[in-house]
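coords-v3.txt follows; it contains compact mmCIF, C-alpha atoms.
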# COMPACT_ATOMS: atom_id res chain seq x y z
CA MET A 1 -29.92 6.07 -5.71
CA CYS A 2 -27.23 3.92 -7.16
CA ARG A 3 -24.50 6.34 -6.20
CA GLN A 4 -25.77 6.66 -2.63
CA ILE A 5 -25.62 2.94 -2.17
CA THR A 6 -22.21 2.51 -3.66
CA ARG A 7 -20.74 5.18 -1.41
CA SER A 8 -21.50 3.16 1.68
CA PHE A 9 -19.99 -0.09 2.83
CA VAL A 10 -23.25 -1.45 4.21
CA PRO A 11 -24.21 -4.99 3.23
CA GLY A 12 -27.62 -5.40 1.69
CA LEU A 13 -29.55 -7.40 -0.82
CA VAL A 14 -30.41 -4.35 -2.89
CA ALA A 15 -26.79 -3.33 -3.11
CA ALA A 16 -25.83 -6.90 -4.03
CA VAL A 17 -28.33 -6.88 -6.87
CA LEU A 18 -27.06 -3.52 -8.04
CA PHE A 19 -23.53 -4.89 -7.91
CA ALA A 20 -24.59 -7.74 -10.18
CA TRP A 21 -26.01 -5.19 -12.60
CA GLY A 22 -22.83 -3.19 -12.59
CA CYS A 23 -24.33 -0.24 -10.73
CA GLU A 24 -21.43 -0.21 -8.30
CA ARG A 25 -19.47 1.50 -11.00
CA PRO A 26 -19.50 5.09 -9.99
CA ALA A 27 -21.15 7.76 -12.04
CA SER A 28 -17.78 9.45 -11.95
CA PRO A 29 -15.73 8.36 -13.75
CA ALA A 30 -18.07 6.70 -16.19
CA SER A 31 -17.12 3.22 -17.26
CA PRO A 32 -17.78 2.71 -20.94
CA LYS A 33 -17.51 -1.06 -20.89
CA PRO A 34 -19.55 -3.12 -23.34
CA ALA A 35 -22.02 -5.64 -21.95
CA PHE A 36 -19.93 -8.61 -23.04
CA TRP A 37 -16.20 -8.66 -23.51
CA ALA A 38 -13.53 -11.30 -23.62
CA GLY A 39 -10.56 -9.05 -24.02
CA GLY A 40 -8.70 -8.42 -27.23
CA PRO A 41 -7.83 -5.30 -29.22
CA GLY A 42 -9.78 -2.24 -28.18
CA THR A 43 -10.29 -3.37 -24.59
CA CYS A 44 -7.60 -1.23 -23.04
CA PRO A 45 -7.30 2.17 -24.71
CA ALA A 46 -6.03 3.82 -21.53
CA GLY A 47 -3.42 1.27 -20.49
CA GLU A 48 -2.72 -2.41 -20.03
CA ARG A 49 -0.85 -2.35 -16.72
CA PHE A 50 -1.83 -0.63 -13.49
CA THR A 51 -0.03 -0.68 -10.14
CA GLY A 52 -0.90 1.11 -6.95
CA GLY A 53 -1.11 1.24 -3.21
CA GLY A 54 -2.22 3.61 -0.52
CA ARG A 55 -5.23 4.76 1.37
CA ILE A 56 -8.70 6.18 0.83
CA ASP A 57 -11.07 7.64 3.42
CA PRO A 58 -14.62 7.27 2.11
CA GLU A 59 -17.58 8.04 4.34
CA ALA A 60 -17.83 4.36 5.13
CA GLY A 61 -14.37 4.32 6.70
CA LYS A 62 -10.66 4.10 6.12
CA THR A 63 -9.50 1.59 3.52
CA THR A 64 -5.93 0.68 2.58
CA PHE A 65 -4.86 -1.26 -0.49
CA GLY A 66 -2.15 -2.47 -2.84
CA PHE A 67 -2.38 -4.06 -6.26
CA ASN A 68 -0.60 -4.92 -9.47
CA VAL A 69 -2.60 -5.94 -12.54
CA ASP A 70 -1.02 -6.82 -15.88
CA ALA A 71 -3.53 -7.33 -18.68
CA ARG A 72 -1.23 -7.11 -21.68
CA ASP A 73 -2.13 -10.60 -22.87
CA TRP A 74 -5.86 -10.00 -22.27
CA CYS A 75 -5.79 -6.64 -23.99
CA ARG A 76 -4.07 -7.93 -27.11
CA THR A 77 -5.66 -11.36 -27.51
CA GLU A 78 -9.30 -12.32 -27.09
CA GLY A 79 -9.47 -14.78 -24.20
CA GLY A 80 -6.00 -13.82 -23.03
CA GLN A 81 -4.83 -14.01 -19.42
CA ILE A 82 -4.79 -11.33 -16.76
CA LYS A 83 -1.97 -11.48 -14.21
CA GLY A 84 -1.70 -9.74 -10.89
CA GLN A 85 -3.10 -9.52 -7.40
CA LEU A 86 -4.78 -7.18 -4.98
CA GLN A 87 -4.99 -6.74 -1.23
CA THR A 88 -7.41 -4.39 0.49
CA VAL A 89 -8.08 -3.77 4.18
CA TYR A 90 -11.34 -2.17 5.29
CA HIS A 91 -10.47 -0.81 8.72
CA PRO A 92 -13.81 -0.39 10.56
CA THR A 93 -14.39 -4.17 10.51
CA GLN A 94 -10.74 -5.20 10.05
CA THR A 95 -11.79 -6.86 6.81
CA ARG A 96 -8.96 -8.29 4.71
CA VAL A 97 -9.48 -8.96 1.00
CA HIS A 98 -6.94 -10.96 -1.05
CA SER A 99 -7.56 -11.61 -4.72
CA LEU A 100 -7.42 -15.20 -5.96
CA THR A 101 -8.18 -14.69 -9.65
CA ILE A 102 -8.72 -11.80 -12.06
CA ASP A 103 -10.98 -12.58 -15.00
CA ASP A 104 -12.07 -9.26 -16.49
CA PHE A 105 -10.29 -5.97 -17.18
CA PHE A 106 -10.77 -2.84 -19.20
CA SER A 107 -9.36 0.68 -19.19
CA TYR A 108 -10.60 4.09 -20.27
CA GLN A 109 -9.79 7.76 -19.98
CA ASP A 110 -11.02 9.47 -16.83
CA PRO A 111 -13.73 11.76 -18.21
CA GLU A 112 -13.37 14.27 -15.36
CA ARG A 113 -9.64 14.53 -14.81
CA GLY A 114 -8.18 13.29 -18.06
CA GLY A 115 -6.16 10.50 -16.51
CA ARG A 116 -6.27 6.76 -16.99
CA CYS A 117 -8.72 4.44 -15.26
CA ALA A 118 -8.94 0.65 -15.09
CA GLU A 119 -11.57 -1.66 -13.73
CA TRP A 120 -11.11 -5.34 -13.08
CA THR A 121 -13.03 -8.15 -11.44
CA GLY A 122 -12.26 -11.53 -9.97
CA THR A 123 -12.55 -13.76 -6.94
CA ALA A 124 -11.05 -13.03 -3.54
CA ARG A 125 -10.78 -14.55 -0.10
CA VAL A 126 -12.31 -12.28 2.49
CA LYS A 127 -12.06 -12.29 6.27
CA ASP A 128 -13.77 -9.99 8.78
CA GLY A 129 -11.65 -9.57 11.92
CA ASN A 130 -11.01 -12.98 13.46
CA GLY A 131 -13.78 -14.65 11.45
CA SER A 132 -13.32 -17.33 8.86
CA TRP A 133 -12.03 -16.87 5.35
CA ARG A 134 -14.70 -17.05 2.65
CA GLN A 135 -14.70 -16.54 -1.08
CA GLU A 136 -16.41 -13.61 -2.82
CA ARG A 137 -16.41 -11.77 -6.10
CA PHE A 138 -14.78 -8.35 -6.15
CA HIS A 139 -14.71 -5.40 -8.53
CA ALA A 140 -11.94 -2.80 -8.29
CA THR A 141 -11.48 0.61 -9.90
CA ALA A 142 -8.26 2.65 -10.03
CA CYS A 143 -7.52 5.96 -11.73
CA ASP A 144 -4.11 7.55 -12.32
CA ASN A 145 -4.49 11.30 -12.64
CA GLY A 146 -0.90 12.43 -12.24
CA GLU A 147 2.01 12.56 -9.83
CA PRO A 148 2.05 12.54 -6.91
CA GLY A 149 -1.07 10.42 -6.66
CA SER A 150 -2.06 11.89 -3.32
CA SER A 151 -1.64 15.37 -1.97
CA PRO A 152 -2.03 16.98 1.44
CA GLY A 153 -5.63 17.53 0.43
CA ARG A 154 -6.96 14.63 -1.60
CA GLY A 155 -6.29 12.82 -4.83
CA PRO A 156 -5.94 13.28 -7.71
CA ASP A 157 -5.72 9.49 -8.04
CA ARG A 158 -8.70 7.36 -7.08
CA TYR A 159 -9.44 3.84 -5.92
CA GLY A 160 -12.50 1.83 -4.99
CA ILE A 161 -13.59 -1.75 -4.41
CA SER A 162 -16.91 -3.58 -4.19
CA LEU A 163 -17.66 -7.05 -2.91
CA SER A 164 -20.42 -9.37 -4.02
CA ASP A 165 -21.95 -9.22 -0.51
CA GLY A 166 -22.92 -5.65 -1.36
CA ARG A 167 -20.19 -3.74 0.43
CA SER A 168 -18.54 -0.96 -1.54
CA THR A 169 -16.21 1.92 -0.80
CA GLY A 170 -17.19 3.87 -3.90
CA THR A 171 -14.41 5.26 -6.07
CA THR A 172 -12.65 7.70 -3.76
CA ASP A 173 -9.74 10.15 -3.89
CA LEU A 174 -6.50 8.87 -2.40
CA THR A 175 -5.36 10.39 0.89
CA GLY A 176 -2.05 8.54 0.66
CA GLY A 177 -0.14 6.47 -1.87
CA ASN A 178 -0.20 6.42 -5.64
CA ILE A 179 -1.76 4.79 -8.70
CA GLN A 180 0.52 4.25 -11.70
CA ALA A 181 -0.91 3.48 -15.14
CA HIS A 182 1.30 2.38 -17.98
CA PRO A 183 0.06 3.32 -21.44
CA THR A 184 -0.59 0.84 -24.18
CA HIS A 185 2.46 0.50 -26.43
CA MET B 186 48.94 3.52 -14.22
CA ARG B 187 49.44 0.65 -11.83
CA ILE B 188 47.43 -2.51 -12.26
CA SER B 189 45.99 -2.12 -8.76
CA THR B 190 44.70 1.33 -9.66
CA ILE B 191 43.13 0.02 -12.84
CA LEU B 192 41.48 -2.78 -10.88
CA LEU B 193 40.18 -0.32 -8.30
CA ILE B 194 38.66 1.86 -10.98
CA GLY B 195 37.14 -1.20 -12.62
CA VAL B 196 35.60 -2.42 -9.38
CA THR B 197 34.28 1.05 -8.58
CA LEU B 198 32.66 1.37 -11.99
CA ALA B 199 31.17 -2.09 -11.66
CA LEU B 200 29.55 -1.24 -8.33
CA ALA B 201 28.32 2.21 -9.30
CA PRO B 202 24.71 2.47 -10.45
CA ALA B 203 24.57 2.52 -14.19
CA ALA B 204 23.38 5.81 -15.62
CA GLY B 205 19.75 5.45 -16.55
CA ALA B 206 19.29 2.24 -14.53
CA GLN B 207 15.64 1.75 -13.59
CA SER B 208 14.57 0.10 -10.38
CA VAL B 209 11.86 0.04 -7.76
CA GLY B 210 11.94 -1.37 -4.25
CA GLY B 211 9.48 -1.86 -1.47
CA LYS B 212 8.93 -3.53 1.88
CA ALA B 213 6.20 -3.44 4.49
CA TYR B 214 5.58 -5.29 7.71
CA GLY B 215 3.33 -5.15 10.71
CA ALA B 216 5.78 -5.81 13.53
CA PHE B 217 9.44 -6.51 14.17
CA VAL B 218 10.50 -7.56 17.65
CA ARG B 219 14.09 -8.09 18.69
CA THR B 220 14.86 -8.84 22.32
CA PRO B 221 17.53 -10.93 24.07
CA LEU B 222 15.03 -13.81 23.83
CA GLY B 223 14.84 -13.74 20.06
CA THR B 224 13.64 -12.00 16.92
CA GLN B 225 10.21 -12.10 15.33
CA GLN B 226 8.72 -10.36 12.29
CA SER B 227 5.09 -10.50 11.22
CA ALA B 228 3.07 -9.76 8.07
CA VAL B 229 6.13 -9.17 5.92
CA ALA B 230 5.90 -8.17 2.27
CA VAL B 231 9.02 -7.65 0.15
CA LEU B 232 8.75 -6.48 -3.43
CA PRO B 233 10.37 -9.03 -5.75
CA PRO B 234 12.75 -7.83 -8.47
CA VAL B 235 10.93 -5.78 -11.11
CA THR B 236 12.34 -5.72 -14.61
CA ALA B 237 11.96 -2.81 -17.00
CA VAL B 238 8.45 -2.56 -18.43
CA ASP B 239 7.04 -4.79 -15.72
CA GLY B 240 5.36 -4.70 -12.31
CA ALA B 241 4.99 -6.79 -9.18
CA MET B 242 3.30 -6.92 -5.81
CA ALA B 243 3.78 -8.79 -2.53
CA ASP B 244 1.64 -8.96 0.57
CA GLY B 245 1.61 -10.56 3.98
CA ASP B 246 -0.84 -10.74 6.83
CA ALA B 247 -1.39 -12.30 10.24
CA ASP B 248 -4.28 -12.54 12.66
CA GLY B 249 -2.18 -11.07 15.44
CA VAL B 250 1.08 -11.10 17.38
CA SER B 251 1.58 -12.01 21.02
CA VAL B 252 4.86 -11.93 22.90
CA PRO B 253 3.92 -11.77 26.60
CA GLY B 254 5.08 -8.59 28.29
CA THR B 255 6.35 -7.18 25.00
CA ILE B 256 3.64 -6.93 22.36
CA THR B 257 0.08 -7.94 21.55
CA THR B 258 -1.85 -6.90 18.46
CA ASP B 259 -4.87 -7.84 16.41
CA ALA B 260 -4.59 -8.25 12.63
CA LEU B 261 -1.47 -7.03 10.79
CA THR B 262 -0.93 -6.57 7.07
CA GLY B 263 1.88 -5.51 4.76
CA THR B 264 1.53 -4.70 1.06
CA THR B 265 4.07 -3.42 -1.44
CA SER B 266 3.83 -2.91 -5.19
CA GLY B 267 5.94 -1.34 -7.88
CA SER B 268 6.26 -0.98 -11.62
CA ILE B 269 8.53 0.45 -14.28
CA GLY B 270 7.37 2.03 -17.49
CA ASP B 271 7.43 5.67 -18.52
CA ALA B 272 8.14 6.26 -14.83
CA ALA B 273 9.29 4.09 -11.94
CA ALA B 274 6.87 3.93 -9.04
CA ALA B 275 6.61 1.97 -5.80
CA GLN B 276 4.25 2.17 -2.87
CA SER B 277 3.94 0.26 0.40
CA VAL B 278 1.33 0.05 3.13
CA ALA B 279 1.40 -1.53 6.59
CA THR B 280 -1.56 -1.76 8.96
CA VAL B 281 -1.79 -2.96 12.55
CA PHE B 282 -4.86 -3.08 14.77
CA ASN B 283 -5.08 -2.76 18.57
CA VAL B 284 -1.44 -2.40 19.53
CA ASN B 285 -0.30 -2.92 23.12
CA LEU B 286 3.43 -2.67 23.83
CA LEU B 287 5.34 -3.34 27.04
CA ASN B 288 2.32 -4.07 29.22
CA GLY B 289 0.38 -0.98 28.18
CA LEU B 290 3.27 1.49 28.13
CA ILE B 291 2.30 2.27 24.51
CA THR B 292 -1.13 1.59 23.04
CA ALA B 293 -2.91 2.49 19.79
CA SER B 294 -6.19 1.39 18.26
CA SER B 295 -4.66 1.20 14.79
CA LEU B 296 -1.56 2.13 12.80
CA THR B 297 -1.42 2.92 9.08
CA ALA B 298 1.96 3.42 7.38
CA THR B 299 1.74 4.57 3.77
CA VAL B 300 4.69 5.54 1.57
CA SER B 301 5.08 6.08 -2.15
CA SER B 302 8.01 6.92 -4.42
CA THR B 303 8.09 7.96 -8.07
CA SER B 304 10.86 8.91 -10.46
CA ASN B 305 10.77 9.94 -14.10
CA GLY B 306 14.49 10.49 -14.42
CA ALA B 307 14.23 14.26 -14.03
CA GLN B 308 12.39 14.43 -10.72
CA ALA B 309 12.19 11.85 -7.96
CA THR B 310 9.96 12.25 -4.91
CA SER B 311 8.69 10.24 -1.97
CA ASN B 312 6.06 10.96 0.65
CA ALA B 313 4.37 9.40 3.65
CA LEU B 314 0.94 10.95 3.24
CA GLY B 315 -1.79 8.98 4.95
CA SER B 316 0.45 7.64 7.71
CA THR B 317 -1.45 7.81 10.98
CA LEU B 318 -1.47 6.49 14.55
CA ALA B 319 -4.98 6.23 15.98
CA ASP B 320 -5.71 6.82 19.67
CA LEU B 321 -2.04 6.70 20.56
CA VAL B 322 -1.12 6.72 24.26
CA VAL B 323 2.53 6.74 25.37
CA ASN B 324 3.40 6.35 29.03
CA GLY B 325 -0.05 7.54 30.08
CA VAL B 326 -0.12 10.57 27.78
CA GLN B 327 -2.67 10.57 24.97
CA LEU B 328 -0.93 11.87 21.85
CA THR B 329 -3.68 11.35 19.27
CA SER B 330 -7.44 11.17 19.53
CA GLY B 331 -8.97 9.28 16.66
CA ASP B 332 -6.99 8.69 13.48
CA ALA B 333 -4.28 11.36 13.33
CA SER B 334 -0.70 11.92 12.32
CA ILE B 335 2.29 12.73 14.51
CA ALA B 336 5.14 15.07 13.60
CA PRO B 337 7.92 13.10 11.89
CA ASN B 338 10.67 11.75 14.16
CA THR B 339 8.97 12.61 17.45
CA ARG B 340 11.09 11.17 20.25
CA VAL B 341 9.70 10.34 23.69
CA THR B 342 11.78 9.07 26.61
CA LEU B 343 10.52 5.93 28.32
CA PRO B 344 12.05 5.94 31.83
CA GLY B 345 13.64 2.63 32.73
CA VAL B 346 12.97 1.25 29.25
CA GLY B 347 14.69 3.44 26.66
CA TYR B 348 12.93 5.69 24.17
CA VAL B 349 10.45 5.62 21.32
CA VAL B 350 10.57 7.43 17.97
CA LEU B 351 7.09 8.04 16.56
CA ASN B 352 6.51 8.42 12.82
CA GLU B 353 10.19 7.81 12.19
CA GLN B 354 11.00 8.87 8.61
CA LEU B 355 14.24 7.85 6.89
CA PRO B 356 14.64 9.35 3.39
CA THR B 357 17.14 8.28 0.72
CA GLY B 358 18.02 9.29 -2.83
CA ASP B 359 19.18 12.39 -4.71
CA GLY B 360 15.72 13.77 -5.49
CA VAL B 361 16.47 13.87 -9.20
CA ARG B 362 16.85 10.31 -10.38
CA THR B 363 16.56 8.34 -7.16
CA THR B 364 14.28 8.56 -4.14
CA GLY B 365 13.21 6.44 -1.21
CA LEU B 366 11.51 6.66 2.16
CA THR B 367 11.01 4.40 5.16
CA VAL B 368 8.34 5.12 7.75
CA ASN B 369 8.40 3.33 11.11
CA LEU B 370 5.30 4.47 12.98
CA ILE B 371 6.46 3.19 16.38
CA HIS B 372 10.15 2.45 16.93
CA VAL B 373 10.98 1.53 20.51
CA VAL B 374 14.65 1.27 21.43
CA LEU B 375 15.17 -0.87 24.52
CA GLN B 376 18.17 0.16 26.61
CA ASN B 377 20.00 -1.17 29.64
CA ASP B 378 18.99 1.16 32.45
CA LEU B 379 22.53 1.36 33.85
CA THR B 380 24.76 1.33 30.77
CA GLY B 381 22.43 2.86 28.20
CA LEU B 382 23.41 0.14 25.76
CA GLN B 383 20.72 -1.02 23.38
CA THR B 384 19.28 -4.38 24.33
CA GLY B 385 16.56 -4.69 21.72
CA GLU B 386 13.98 -2.88 19.62
CA LEU B 387 10.37 -2.99 18.53
CA ILE B 388 9.22 -1.57 15.19
CA ILE B 389 5.47 -1.53 14.64
CA GLY B 390 3.95 -0.43 11.32
CA SER B 391 6.81 -0.10 8.83
CA ALA B 392 6.62 0.77 5.13
CA THR B 393 9.45 1.43 2.65
CA SER B 394 9.42 2.42 -1.02
CA SER B 395 12.08 3.50 -3.49
CA ALA B 396 12.28 4.36 -7.18
CA ALA B 397 15.10 5.16 -9.60
CA MET B 398 15.07 6.02 -13.28
Encoded form (structure tokens):
Amino acid sequence: MCRQITRSFVPGLVAAVLFAWGCERPASPASPKPAFWAGGPGTCPAGERFTGGGRIDPEAGKTTFGFNVDARDWCRTEGGQIKGQLQTVYHPTQTRVHSLTIDDFFSYQDPERGGRCAEWTGTARVKDGNGSWRQERFHATACDNGEPGSSPGRGPDRYGISLSDGRSTGTTDLTGGNIQAHPTH
Amino acid sequence: MRISTILLIGVTLALAPAAGAQSVGGKAYGAFVRTPLGTQQSAVAVLPPVTAVDGAMADGDADGVSVPGTITTDALTGTTSGSIGDAAAAQSVATVFNVNLLNGLITASSLTATVSSTSNGAQATSNALGSTLADLVVNGVQLTSGDASIAPNTRVTLPGVGYVVLNEQLPTGDGVRTTGLTVNLIHVVLQNDLTGLQTGELIIGSATSSAAM
């Protein structure tokens, strides 16, 4: 049930509640994040910096994105800062998402493909078509599973984003672009 | 050895890329319009300098562009990001919705330009996977139905106007240490009908990335 909802980009109260519970995190890859975390040692075993950009084509519709997140301070010091930004465009509704803050981050090994995944959350300004900008929470997932990040088929890298209004792309193979994870040193 | 020769060698060495130098570059924009009446660029993102063991991102967006008789669009975005670590990687994306050029001579429901470049010092590659032109019509001929790609560097003559290059791809680099790629999804070259001289150009949906290590 949870997976079916997260693979669509349809707003809904149920999906919003599931988002709040963390169910938007896909069953694949699993996200082994503790219930409460404020950063610090052990938060980022699969990398502290992730950068990426490209395109996914989930069932809900084409989505393009770019991001750079640097959590070195957060990963090494409890209560540390997370730097970076994200932009995502959901094409069917011409929805633009720009991050304003990032306040949570963790990384882990992709259990299916052996690569490196990161998830981070924050606030973003969101605009549908020519509507008005509004503020929402977002949750993004990115996985680096090798180079090149996208192939004439799909993947192996993955990206996904969820909004607090319940919309979610699900974590989806890239059809263009690349995700680059930088290991913890 | 003459002093001038020594100076020339010194200058040449100073300008040559240092062996092992790491860098990433990126740029994306929705539209660039240059006509005798002026120049306009929209939704521009240029990757700021990225130092070793660091990363960066830039983005730009606009609700639309309107230059009467030349171009109208809905929302445009440009995003570029890059980082240097064990490898150098950069990627850029440009999107444009509902494009109408030259009073309907060229139309498309959306454009998506996607490029990425990576280098690990032994192999350097770039690609434009995911670059598409949706529902593209040029001079009354429908070239794509739905979201589809076009063969790179497809040139179409526009009688009385000039020509257009679709999915223009401009690669750079040696493929070992350095690599780069620019994709211009629609590049219209405006020409004087009598002399053939270029009088302007329109570039819609442009993304560039480069990486060196």
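Going from atom CA of Gly331 of chain B to atom CA of Leu375 of chain B covers 27.3 Å.
Separating atom CA of Ala396 of chain B from atom CA of Ala309 of chain B is a distance of 7.5 Å.
You can rank A:Asn130, A:Thr51, A:Thr77, A:Thr88 by their closest distance to Asp144 of chain A using only C-alpha atoms, and at the top of that list sits A:Thr51.
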Around the point (4.9, 12.2, 21.2) (coordinates from the file), which residues reach within 6 Å if we count all atoms listed in the file? Answer as a ChimeraX atom specification. /B:328,339,341
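Using all atoms listed in the file, the part of chain A that sits within 6 Å of chain B is made up of Gly53, Gly54, Gly66, Asn68, Thr175, Gly176 and Gly177 of chain A.
One distance worth recording is that between atom CA of Thr224 of chain B and atom CA of Ala333 of chain B, which is 29.7 Å.
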Of the candidates B:Val235, B:Ile291, B:Gly360, B:Asn338, which shows the shortest atom-to-atom distance to Val326 of chain B, using all atoms listed in the file? B:Ile291
Taking (-4.6, -3.0, -17.3) in the file's own coordinates, collect the residues within 7 Å, counting all atoms listed in the file, and hand them back as a ChimeraX atom specification. /A:44,47-50,69-72,105-107,118
Can I get the selected residues back with C-alpha atoms, as a PDB file, in the coordinates of the input?
ATOM      1  CA  CYS A  44      -7.600  -1.230 -23.040  1.00  0.00           C
ATOM      2  CA  GLY A  47      -3.420   1.270 -20.490  1.00  0.00           C
ATOM      3  CA  GLU A  48      -2.720  -2.410 -20.030  1.00  0.00           C
ATOM      4  CA  ARG A  49      -0.850  -2.350 -16.720  1.00  0.00           C
ATOM      5  CA  PHE A  50      -1.830  -0.630 -13.490  1.00  0.00           C
ATOM      6  CA  VAL A  69      -2.600  -5.940 -12.540  1.00  0.00           C
ATOM      7  CA  ASP A  70      -1.020  -6.820 -15.880  1.00  0.00           C
ATOM      8  CA  ALA A  71      -3.530  -7.330 -18.680  1.00  0.00           C
ATOM      9  CA  ARG A  72      -1.230  -7.110 -21.680  1.00  0.00           C
ATOM     10  CA  PHE A 105     -10.290  -5.970 -17.180  1.00  0.00           C
ATOM     11  CA  PHE A 106     -10.770  -2.840 -19.200  1.00  0.00           C
ATOM     12  CA  SER A 107      -9.360   0.680 -19.190  1.00  0.00           C
ATOM     13  CA  ALA A 118      -8.940   0.650 -15.090  1.00  0.00           C
TER      14      ALA A 118
END
Write out as a compact mmCIF listing (two decimals) with C-alpha atoms, keeping the file's coordinate frame each polymer residue whose atoms come within 9 Å of Asn377 of chain B, counting all atoms listed in the file; drop sequence neighbours fewer than 3 positions from it.
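Okay, this is what ended up in result.txt:
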# COMPACT_ATOMS: atom_id res chain seq x y z
CA GLY B 345 13.64 2.63 32.73
CA VAL B 346 12.97 1.25 29.25
CA GLY B 347 14.69 3.44 26.66
CA THR B 380 24.76 1.33 30.77
CA GLY B 381 22.43 2.86 28.20
CA LEU B 382 23.41 0.14 25.76
CA GLN B 383 20.72 -1.02 23.38
CA THR B 384 19.28 -4.38 24.33
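Nearest to Ser162 of chain A of all the residues A:Ile56, A:Val89, A:Ala140, A:Val126 is A:Ala140, based on all atoms listed in the file.
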Need the shell around segment 158-161 of chain A: protein/DNA/RNA residues with any atom at most 6 Å away, counting only C-alpha atoms. Skip same-chain ones fewer than 5 positions apart. Format as number ranges by chain? A: 139-143, 168-174
Set the distance at 10 Å and use only C-alpha atoms: which residues neighbour Thr342 of chain B once local chain neighbours fewer than 2 positions away are removed? I'd like the list as a PyMOL selection string. chain B and resi 323-324+340+344-350+373-374
Rebuild N, CA and C atoms on segment 302-317 of chain B, as a PDB file, in the coordinates of the input?
ATOM      1  N   SER B 302       6.843   6.314  -3.762  1.00  0.00           N
ATOM      2  CA  SER B 302       8.010   6.920  -4.420  1.00  0.00           C
ATOM      3  C   SER B 302       7.805   6.865  -5.922  1.00  0.00           C
ATOM      4  N   THR B 303       8.151   7.947  -6.604  1.00  0.00           N
ATOM      5  CA  THR B 303       8.090   7.960  -8.070  1.00  0.00           C
ATOM      6  C   THR B 303       9.310   8.695  -8.610  1.00  0.00           C
ATOM      7  N   SER B 304       9.755   8.244  -9.776  1.00  0.00           N
ATOM      8  CA  SER B 304      10.860   8.910 -10.460  1.00  0.00           C
ATOM      9  C   SER B 304      10.624   8.826 -11.964  1.00  0.00           C
ATOM     10  N   ASN B 305      10.844   9.957 -12.643  1.00  0.00           N
ATOM     11  CA  ASN B 305      10.770   9.940 -14.100  1.00  0.00           C
ATOM     12  C   ASN B 305      12.117  10.250 -14.744  1.00  0.00           C
ATOM     13  N   GLY B 306      13.151  10.234 -13.917  1.00  0.00           N
ATOM     14  CA  GLY B 306      14.490  10.490 -14.420  1.00  0.00           C
ATOM     15  C   GLY B 306      14.906  11.952 -14.309  1.00  0.00           C
ATOM     16  N   ALA B 307      13.942  12.839 -14.178  1.00  0.00           N
ATOM     17  CA  ALA B 307      14.230  14.260 -14.030  1.00  0.00           C
ATOM     18  C   ALA B 307      13.808  14.769 -12.653  1.00  0.00           C
ATOM     19  N   GLN B 308      12.860  14.072 -12.053  1.00  0.00           N
ATOM     20  CA  GLN B 308      12.390  14.430 -10.720  1.00  0.00           C
ATOM     21  C   GLN B 308      12.011  13.149  -9.979  1.00  0.00           C
ATOM     22  N   ALA B 309      12.467  13.043  -8.757  1.00  0.00           N
ATOM     23  CA  ALA B 309      12.190  11.850  -7.960  1.00  0.00           C
ATOM     24  C   ALA B 309      11.705  12.284  -6.580  1.00  0.00           C
ATOM     25  N   THR B 310      10.523  11.818  -6.183  1.00  0.00           N
ATOM     26  CA  THR B 310       9.960  12.250  -4.910  1.00  0.00           C
ATOM     27  C   THR B 310       9.350  11.064  -4.159  1.00  0.00           C
ATOM     28  N   SER B 311       9.338  11.208  -2.848  1.00  0.00           N
ATOM     29  CA  SER B 311       8.690  10.240  -1.970  1.00  0.00           C
ATOM     30  C   SER B 311       7.863  10.993  -0.945  1.00  0.00           C
ATOM     31  N   ASN B 312       6.816  10.359  -0.455  1.00  0.00           N
ATOM     32  CA  ASN B 312       6.060  10.960   0.650  1.00  0.00           C
ATOM     33  C   ASN B 312       5.420   9.884   1.502  1.00  0.00           C
ATOM     34  N   ALA B 313       4.992  10.317   2.689  1.00  0.00           N
ATOM     35  CA  ALA B 313       4.370   9.400   3.650  1.00  0.00           C
ATOM     36  C   ALA B 313       2.951   9.845   3.967  1.00  0.00           C
ATOM     37  N   LEU B 314       2.303  10.480   3.017  1.00  0.00           N
ATOM     38  CA  LEU B 314       0.940  10.950   3.240  1.00  0.00           C
ATOM     39  C   LEU B 314       0.022   9.787   3.595  1.00  0.00           C
ATOM     40  N   GLY B 315      -0.849  10.015   4.540  1.00  0.00           N
ATOM     41  CA  GLY B 315      -1.790   8.980   4.950  1.00  0.00           C
ATOM     42  C   GLY B 315      -1.283   8.109   6.079  1.00  0.00           C
ATOM     43  N   SER B 316      -0.091   8.412   6.587  1.00  0.00           N
ATOM     44  CA  SER B 316       0.450   7.640   7.710  1.00  0.00           C
ATOM     45  C   SER B 316      -0.104   8.191   9.018  1.00  0.00           C
ATOM     46  N   THR B 317      -0.786   7.343   9.767  1.00  0.00           N
ATOM     47  CA  THR B 317      -1.450   7.810  10.980  1.00  0.00           C
ATOM     48  C   THR B 317      -1.330   6.792  12.114  1.00  0.00           C
TER      49      THR B 317
END
